[in-house]
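*Asks:* The structure under discussion is supplied below as structure tokens; questions concerning it will follow.
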There are 4 protein chains.
Amino acid sequence: MRNTAIIRIHCGDQRGLIAKVTDFIHRNSGNVLALDQHTDQEEERFFMRVECNFKGIMLDQDKIRKDFQLEIADPLSMVWSIQFSDQLSRMAIFVSKASHCLFDLLARYQAGELNVKIPLIISNHKVLEGIAKKFGIPYYHLPVNKETMEKVESDMLKLLREYEVDFIVLARYMQILTSNFIDEYKYRIVNIHHSFLPAFAGAKPYHSAHARGVKIIGATGHYVTSDLDAGPIIDQDVIRISHHDTVKSLVQKGKDIEKIVLSRAVKAHVENKTMVYKNKTIIFT
Amino acid sequence: MRNTAIIRIHCGDQRGLIAKVTDFIHRNSGNVLALDQHTDQEEERFFMRVECNFKGIMLDQDKIRKDFQLEIADPLSMVWSIQFSDQLSRMAIFVSKASHCLFDLLARYQAGELNVKIPLIISNHKVLEGIAKKFGIPYYHLPVNKETMEKVESDMLKLLREYEVDFIVLARYMQILTSNFIDEYKYRIVNIHHSFLPAFAGAKPYHSAHARGVKIIGATGHYVTSDLDAGPIIDQDVIRISHHDTVKSLVQKGKDIEKIVLSRAVKAHVENKTMVYKNKTIIFT
Amino acid sequence: MRNTAIIRIHCGDQRGLIAKVTDFIHRNSGNVLALDQHTDQEEERFFMRVECNFKGIMLDQDKIRKDFQLEIADPLSMVWSIQFSDQLSRMAIFVSKASHCLFDLLARYQAGELNVKIPLIISNHKVLEGIAKKFGIPYYHLPVNKETMEKVESDMLKLLREYEVDFIVLARYMQILTSNFIDEYKYRIVNIHHSFLPAFAGAKPYHSAHARGVKIIGATGHYVTSDLDAGPIIDQDVIRISHHDTVKSLVQKGKDIEKIVLSRAVKAHVENKTMVYKNKTIIFT
Amino acid sequence: MRNTAIIRIHCGDQRGLIAKVTDFIHRNSGNVLALDQHTDQEEERFFMRVECNFKGIMLDQDKIRKDFQLEIADPLSMVWSIQFSDQLSRMAIFVSKASHCLFDLLARYQAGELNVKIPLIISNHKVLEGIAKKFGIPYYHLPVNKETMEKVESDMLKLLREYEVDFIVLARYMQILTSNFIDEYKYRIVNIHHSFLPAFAGAKPYHSAHARGVKIIGATGHYVTSDLDAGPIIDQDVIRISHHDTVKSLVQKGKDIEKIVLSRAVKAHVENKTMVYKNKTIIFT
């Protein structure tokens, strides 16, 4: 995996985009390992993810960045990013009281499934501190209410900077974050909502699903925006239920898809397989 | 299947209900073939479906009805029904322009999969008349607009009575029926809505799904009530989509689940496997 | 939940079975909470699960057992069992090196989702001892090979008796147990097989799935019998894959369904929702 | 869609493949509309599907074919094909007695969903002739048994040539074709098998599924090879079943996934989204 890089770009559609990008890579002694491309015909927008590796032991990452910007991105008005494989993303987890998503993420983390570093866990409750300890990860208990929210978010941001956090996972963190906070981590906060959005946005979705009498419930992994539960959807999944189910059993069954969907959304983010455009995602395979 | 009957009941929960009903059946020389029961603990409501057969060539259906009413239903304040296997339900199909659900229902009908008689098809367009002809079923073209709605519905009801229709299937009939009409066929109008309700109720759900960027779309079979797209849900199913999908491809993919879900909902209704209570369904297996 | 009991029976089909059982319950001051019944027409076999509660603080469980045996089970040649809610099942977990199923079960256990007591974990490897310690559960490391198998199984049985284990969960325990061992826990050993059985029975199912080029992989929770991977199936689930998947990514994706299916199979067993007849299961809802 | 073409290639993996192909397209006044690429790391094999359009009213298709062969395909030892949008594939349907897949394909055909021409239907039974007539498609009744097989297949091939058939869909055609016949339409015969292959290959899969007591059944769309039910899989899908299901109800439920999976497999083939390599498929999105 040495010297592997992932380039993601989007720009107005035009002729020759793929050739220009792949040609740049070859001129820099790189080789395309995988290329996934999508053109949104309505928006006339071009999206691409290229995985490539570069020859040579000493790769000048900064030079590649600069050259790509000048030769390719600027002339084509691209929005783009490059991540080299030697950079390990640093992921913070926010939780409240429910343990299932946290346990699932940490079990994957310990098994080496998640290609990240988890430097800290933040919670508005003490309940899950024991789990953090089991895994030897610092746990910050920051209770929050309407009055203290501003102060608490400022403390959080300080912690996140201190721990050099790249992105945040809300693993059933039942608090609403301010736009101010969200802007600091734009499209870098992954949330799991316990319903099949846009059905049952807001609080207590399982109660609403039960009241409506649906035959299938779901979970949605999405990026957090200031518009509650309306951010770009990364992944969703569903599970069949019946008239036998009570709110309690829905909560129980829902946990299984919540944790699976969250982990898939986190993985897509970590592997640079997501792009956001106009509040929708492109999810590369 | 001679002399088979299906009894459906619901009533306030109390001790001994199952024993009382099964005892009644045995006293009338009947035998329980299948029994499915559900108790809604919150509502303290008891639901049961019993399939049984009765000995003897000459079964006095009226006597069984009367006796059950007097001995069981009245003392226990039951809502109940009985259908004997020699009664074949008569089903009307309403369509507009889309052919997929109609074709699917008629193909099943011709293959003997649907245990019904389809005496007529009603449509506000002429487009599908050819299909009705292929299958030799009378097709009534009743165009409708806001002004003529009252008159047209009255004509429809006359036709339905004339053809002794037991229940109606809206196979992508894109018109809203009045409360007046719906009341005549309470919980006997099965509709297919082309979204995963309650998400994207109303018109153009695939456009809304595309705009929101969901990763899964669905279809919902439900009973029609005067509250649009909010009637009791019978069945739902979903299909995975991606950023590659356009509104057009969503419409296309959606058709596959629409017709499957509609046929399952129709089947559940025909086989007396549905019960409605407080705008939710119990679907027996 | 005080004084609640679950009765499961099967016997040759005959008239009046339900009435006889529910009548027995009422005569003993019991009330039916839920009843699920199934008649296998081909086998002419009747299956039933009844959940009931009994009035009175002092319930004579032995008397109910004896009376049911004499009055109901013997005359009708029933195979039957009753479990009272004050009995908590004791579940042993067997593991090898893979942690995902173990973590998942223990996370559920700690969150109070599994209505069992887990007194011990047994493994042929040391690898997962740390996880057992995290949860404070005794971990027995019993390495095994062909020569030592007989001795090791005998040690295991001793441990299981000592800890009064009711049933065993093979959470990716990659060893084959002898018929001798299996007979001691007939239909009380739940295994997760990492394929959609009967496809890819035996070792390395993900390699086989990859070689065959299937588009969906699965996992199967089943009771262990002496016929390898051919025991009665409790639950199955699947996940969609593509040509992009390598054996490695199949293993990874498979883990998600393995742990979910295993937990559902365990739950069905714990809640007395399973019955086995002629190597097939009835799974009550 | 004028002047649109789909190029599919595979070859040994090497640097610069994408750039070479996209460069060729641009040099010929073409523009890439969509590009999907896959590298099989184990096989060191490169697969690509490119959709492109060419400027100009008079497109010299033969010249593009020749030039691509000489400039790109030959030097890189590519296996490749190009299909221009003005070519409409001609699809024959083979059936036996079951109508559901045939009805489904013809309903889609009539609704304009399938971008093909269906010039004829061939069957070893007379049963479905009425349906062919409904849709005005020639129906050839060619009964077959072991003795006549050679002669019948020869007649079929003559018909297929006469009607200029490009590919064949076996819509529950329950006869085994000889290698001789299959070789004439290599990877151009799409079959639907009524099980989740490789489980329950061969005859009567629903009987086998019922006997084994599986909780999920499936259907598989695949290319026919001389190795029965072992050809490259195009698509699969599954449906959940229970102990309530009899062989008869499995057959019934299975029909729904058979027809959906078959139509998806046919669509993938028609849209040139399939590639076969070493008995496995790449299915482009």
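Each chain in the structure tokens gets a letter, A, B and so on, in the order shown; residues start at 1 in every chain, and ligands are counted from 1 in the order they appear.
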Just asking: which residues within range 40-133 of chain A are helix (DSSP H, G or I) according to DSSP, as a PyMOL selection string?

*Replies:* chain A and resi 61-73+100-110+129-133

*Asks:* Extract the full set of strand (DSSP E or B) residues from range 111-277 of chain C according to DSSP on the backbone, and format it as an MDAnalysis selection string.

*Replies:* chainID C and resid 116:117 121:123 139:141 167:170 189:193 216:223 233:240 274:277

*Asks:* Per residue of chain C within 12 Å of chain B, what are the shortest atom pair and its distance in Å to one decimal, counting only C-alpha atoms, with rows by chain and residue number, as JSON lines?

*Replies:*
{"residue": "C:Asp13", "atom": "CA", "partner": "B:Leu33", "partner_atom": "CA", "distance": 9.5}
{"residue": "C:Gln14", "atom": "CA", "partner": "B:Asn31", "partner_atom": "CA", "distance": 8.5}
{"residue": "C:Arg15", "atom": "CA", "partner": "B:Asn31", "partner_atom": "CA", "distance": 5.7}
{"residue": "C:Gly16", "atom": "CA", "partner": "B:His26", "partner_atom": "CA", "distance": 6.9}
{"residue": "C:Leu17", "atom": "CA", "partner": "B:Val32", "partner_atom": "CA", "distance": 8.8}
{"residue": "C:Ile18", "atom": "CA", "partner": "B:Thr22", "partner_atom": "CA", "distance": 7.2}
{"residue": "C:Ala19", "atom": "CA", "partner": "B:Ala19", "partner_atom": "CA", "distance": 5.1}
{"residue": "C:Lys20", "atom": "CA", "partner": "B:Ala19", "partner_atom": "CA", "distance": 8.1}
{"residue": "C:Val21", "atom": "CA", "partner": "B:Ala19", "partner_atom": "CA", "distance": 8.7}
{"residue": "C:Thr22", "atom": "CA", "partner": "B:Ala19", "partner_atom": "CA", "distance": 5.9}
{"residue": "C:Asp23", "atom": "CA", "partner": "B:Ala19", "partner_atom": "CA", "distance": 6.2}
{"residue": "C:Phe24", "atom": "CA", "partner": "B:Ala19", "partner_atom": "CA", "distance": 9.8}
{"residue": "C:Ile25", "atom": "CA", "partner": "B:Gly16", "partner_atom": "CA", "distance": 9.2}
{"residue": "C:His26", "atom": "CA", "partner": "B:Gly16", "partner_atom": "CA", "distance": 6.9}
{"residue": "C:Arg27", "atom": "CA", "partner": "B:Gly16", "partner_atom": "CA", "distance": 10.2}
{"residue": "C:Ser29", "atom": "CA", "partner": "B:Arg15", "partner_atom": "CA", "distance": 9.8}
{"residue": "C:Gly30", "atom": "CA", "partner": "B:Arg15", "partner_atom": "CA", "distance": 8.5}
{"residue": "C:Asn31", "atom": "CA", "partner": "B:Arg15", "partner_atom": "CA", "distance": 5.7}
{"residue": "C:Val32", "atom": "CA", "partner": "B:Arg15", "partner_atom": "CA", "distance": 7.1}
{"residue": "C:Leu33", "atom": "CA", "partner": "B:Thr39", "partner_atom": "CA", "distance": 7.2}
{"residue": "C:Ala34", "atom": "CA", "partner": "B:His38", "partner_atom": "CA", "distance": 6.6}
{"residue": "C:Leu35", "atom": "CA", "partner": "B:Gln37", "partner_atom": "CA", "distance": 6.2}
{"residue": "C:Asp36", "atom": "CA", "partner": "B:Asp36", "partner_atom": "CA", "distance": 6.2}
{"residue": "C:Gln37", "atom": "CA", "partner": "B:Leu35", "partner_atom": "CA", "distance": 6.2}
{"residue": "C:His38", "atom": "CA", "partner": "B:Ala34", "partner_atom": "CA", "distance": 6.6}
{"residue": "C:Thr39", "atom": "CA", "partner": "B:Ala34", "partner_atom": "CA", "distance": 6.8}
{"residue": "C:Asp40", "atom": "CA", "partner": "B:Leu33", "partner_atom": "CA", "distance": 9.9}
{"residue": "C:Gln41", "atom": "CA", "partner": "B:Leu33", "partner_atom": "CA", "distance": 9.1}
{"residue": "C:Glu44", "atom": "CA", "partner": "B:Leu33", "partner_atom": "CA", "distance": 10.9}
{"residue": "C:Arg45", "atom": "CA", "partner": "B:Leu33", "partner_atom": "CA", "distance": 11.4}
{"residue": "C:Phe46", "atom": "CA", "partner": "B:Leu33", "partner_atom": "CA", "distance": 9.8}
{"residue": "C:Phe47", "atom": "CA", "partner": "B:Ala34", "partner_atom": "CA", "distance": 10.6}
{"residue": "C:Met48", "atom": "CA", "partner": "B:Leu35", "partner_atom": "CA", "distance": 10.0}
{"residue": "C:Arg49", "atom": "CA", "partner": "B:Asp36", "partner_atom": "CA", "distance": 11.3}
{"residue": "C:Val50", "atom": "CA", "partner": "B:Gln37", "partner_atom": "CA", "distance": 10.7}
{"residue": "C:Glu51", "atom": "CA", "partner": "B:Thr39", "partner_atom": "CA", "distance": 11.4}
{"residue": "C:Cys52", "atom": "CA", "partner": "B:Arg15", "partner_atom": "CA", "distance": 10.5}
{"residue": "C:Asn53", "atom": "CA", "partner": "B:Arg15", "partner_atom": "CA", "distance": 10.9}
{"residue": "C:Phe54", "atom": "CA", "partner": "B:Arg15", "partner_atom": "CA", "distance": 11.5}
{"residue": "C:Lys55", "atom": "CA", "partner": "B:Arg15", "partner_atom": "CA", "distance": 11.9}
{"residue": "C:Ile239", "atom": "CA", "partner": "B:Arg240", "partner_atom": "CA", "distance": 11.9}
{"residue": "C:Arg240", "atom": "CA", "partner": "B:Arg240", "partner_atom": "CA", "distance": 10.2}
{"residue": "C:Phe284", "atom": "CA", "partner": "B:Asp36", "partner_atom": "CA", "distance": 11.0}
{"residue": "C:Thr285", "atom": "CA", "partner": "B:Thr285", "partner_atom": "CA", "distance": 10.0}

*Asks:* Please, what distance in Å, to one decimal, runs between CA of Ile257 in chain A and CA of Phe135 in chain A?

*Replies:* 23.2 Å

*Asks:* Write out as a list in words which residues come within 10 Å of Val79 in chain A when counting only C-alpha atoms, dropping same-chain ones fewer than 4 positions away.

*Replies:* Arg8, Ile9, His10, Cys11, Gly12, Phe47, Gln69, Ala73 and Asp74 of chain A

*Asks:* Report as a PyMOL selection string all protein, DNA and RNA residues lying within 7 Å of range 182-191 of chain C, evaluated on only C-alpha atoms, omitting residues in the same chain fewer than 4 positions from it.

*Replies:* chain C and resi 167-171+177-178+221-226+266

*Asks:* Could those residues be written to a file, using N, CA and C atoms, as an mmCIF file, in the first residue's frame?

*Replies:*
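File produced: again.cif:
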data_model
loop_
_atom_site.group_PDB
_atom_site.id
_atom_site.type_symbol
_atom_site.label_atom_id
_atom_site.label_comp_id
_atom_site.auth_asym_id
_atom_site.auth_seq_id
_atom_site.Cartn_x
_atom_site.Cartn_y
_atom_site.Cartn_z
ATOM 1 N N PHE C 167 -27.097 -24.698 27.304
ATOM 2 C CA PHE C 167 -26.865 -24.813 25.855
ATOM 3 C C PHE C 167 -25.584 -24.098 25.465
ATOM 4 N N ILE C 168 -25.110 -24.445 24.270
ATOM 5 C CA ILE C 168 -23.796 -23.990 23.806
ATOM 6 C C ILE C 168 -23.945 -23.196 22.521
ATOM 7 N N VAL C 169 -23.190 -22.104 22.431
ATOM 8 C CA VAL C 169 -23.157 -21.340 21.184
ATOM 9 C C VAL C 169 -21.757 -21.441 20.585
ATOM 10 N N LEU C 170 -21.691 -21.947 19.366
ATOM 11 C CA LEU C 170 -20.413 -21.995 18.655
ATOM 12 C C LEU C 170 -20.263 -20.702 17.861
ATOM 13 N N ALA C 171 -19.515 -19.765 18.437
ATOM 14 C CA ALA C 171 -19.372 -18.440 17.841
ATOM 15 C C ALA C 171 -18.116 -18.406 16.974
ATOM 16 N N LEU C 177 -17.101 -31.222 16.365
ATOM 17 C CA LEU C 177 -17.373 -31.959 17.597
ATOM 18 C C LEU C 177 -17.803 -33.384 17.259
ATOM 19 N N THR C 178 -17.515 -34.318 18.166
ATOM 20 C CA THR C 178 -17.902 -35.711 17.906
ATOM 21 C C THR C 178 -19.390 -35.931 18.183
ATOM 22 N N GLY C 221 -27.543 -19.789 10.801
ATOM 23 C CA GLY C 221 -27.542 -20.239 12.190
ATOM 24 C C GLY C 221 -28.300 -21.548 12.278
ATOM 25 N N HIS C 222 -27.690 -22.586 12.844
ATOM 26 C CA HIS C 222 -28.365 -23.894 12.851
ATOM 27 C C HIS C 222 -27.971 -24.702 14.078
ATOM 28 N N TYR C 223 -28.770 -25.709 14.369
ATOM 29 C CA TYR C 223 -28.416 -26.646 15.421
ATOM 30 C C TYR C 223 -27.387 -27.618 14.889
ATOM 31 N N VAL C 224 -26.437 -27.960 15.724
ATOM 32 C CA VAL C 224 -25.387 -28.879 15.315
ATOM 33 C C VAL C 224 -25.880 -30.314 15.476
ATOM 34 N N THR C 225 -25.698 -31.097 14.410
ATOM 35 C CA THR C 225 -25.938 -32.531 14.479
ATOM 36 C C THR C 225 -24.650 -33.225 14.042
ATOM 37 N N SER C 226 -24.649 -34.528 14.124
ATOM 38 C CA SER C 226 -23.412 -35.226 13.759
ATOM 39 C C SER C 226 -23.157 -35.170 12.263
ATOM 40 N N VAL C 266 -29.630 -17.402 18.442
ATOM 41 C CA VAL C 266 -29.501 -17.580 19.891
ATOM 42 C C VAL C 266 -30.766 -17.087 20.586
#

*Asks:* Could you state the separation of CA of Ala5 in chain D and CA of Leu105 in chain D in Å, given to one decimal place?

*Replies:*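 Those two atoms sit 25.0 Å apart.
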
*Asks:* Tell me, in Å to one decimal, how far CA of Lys278 in chain B is from CA of Val214 in chain A.

*Replies:* 13.4 Å
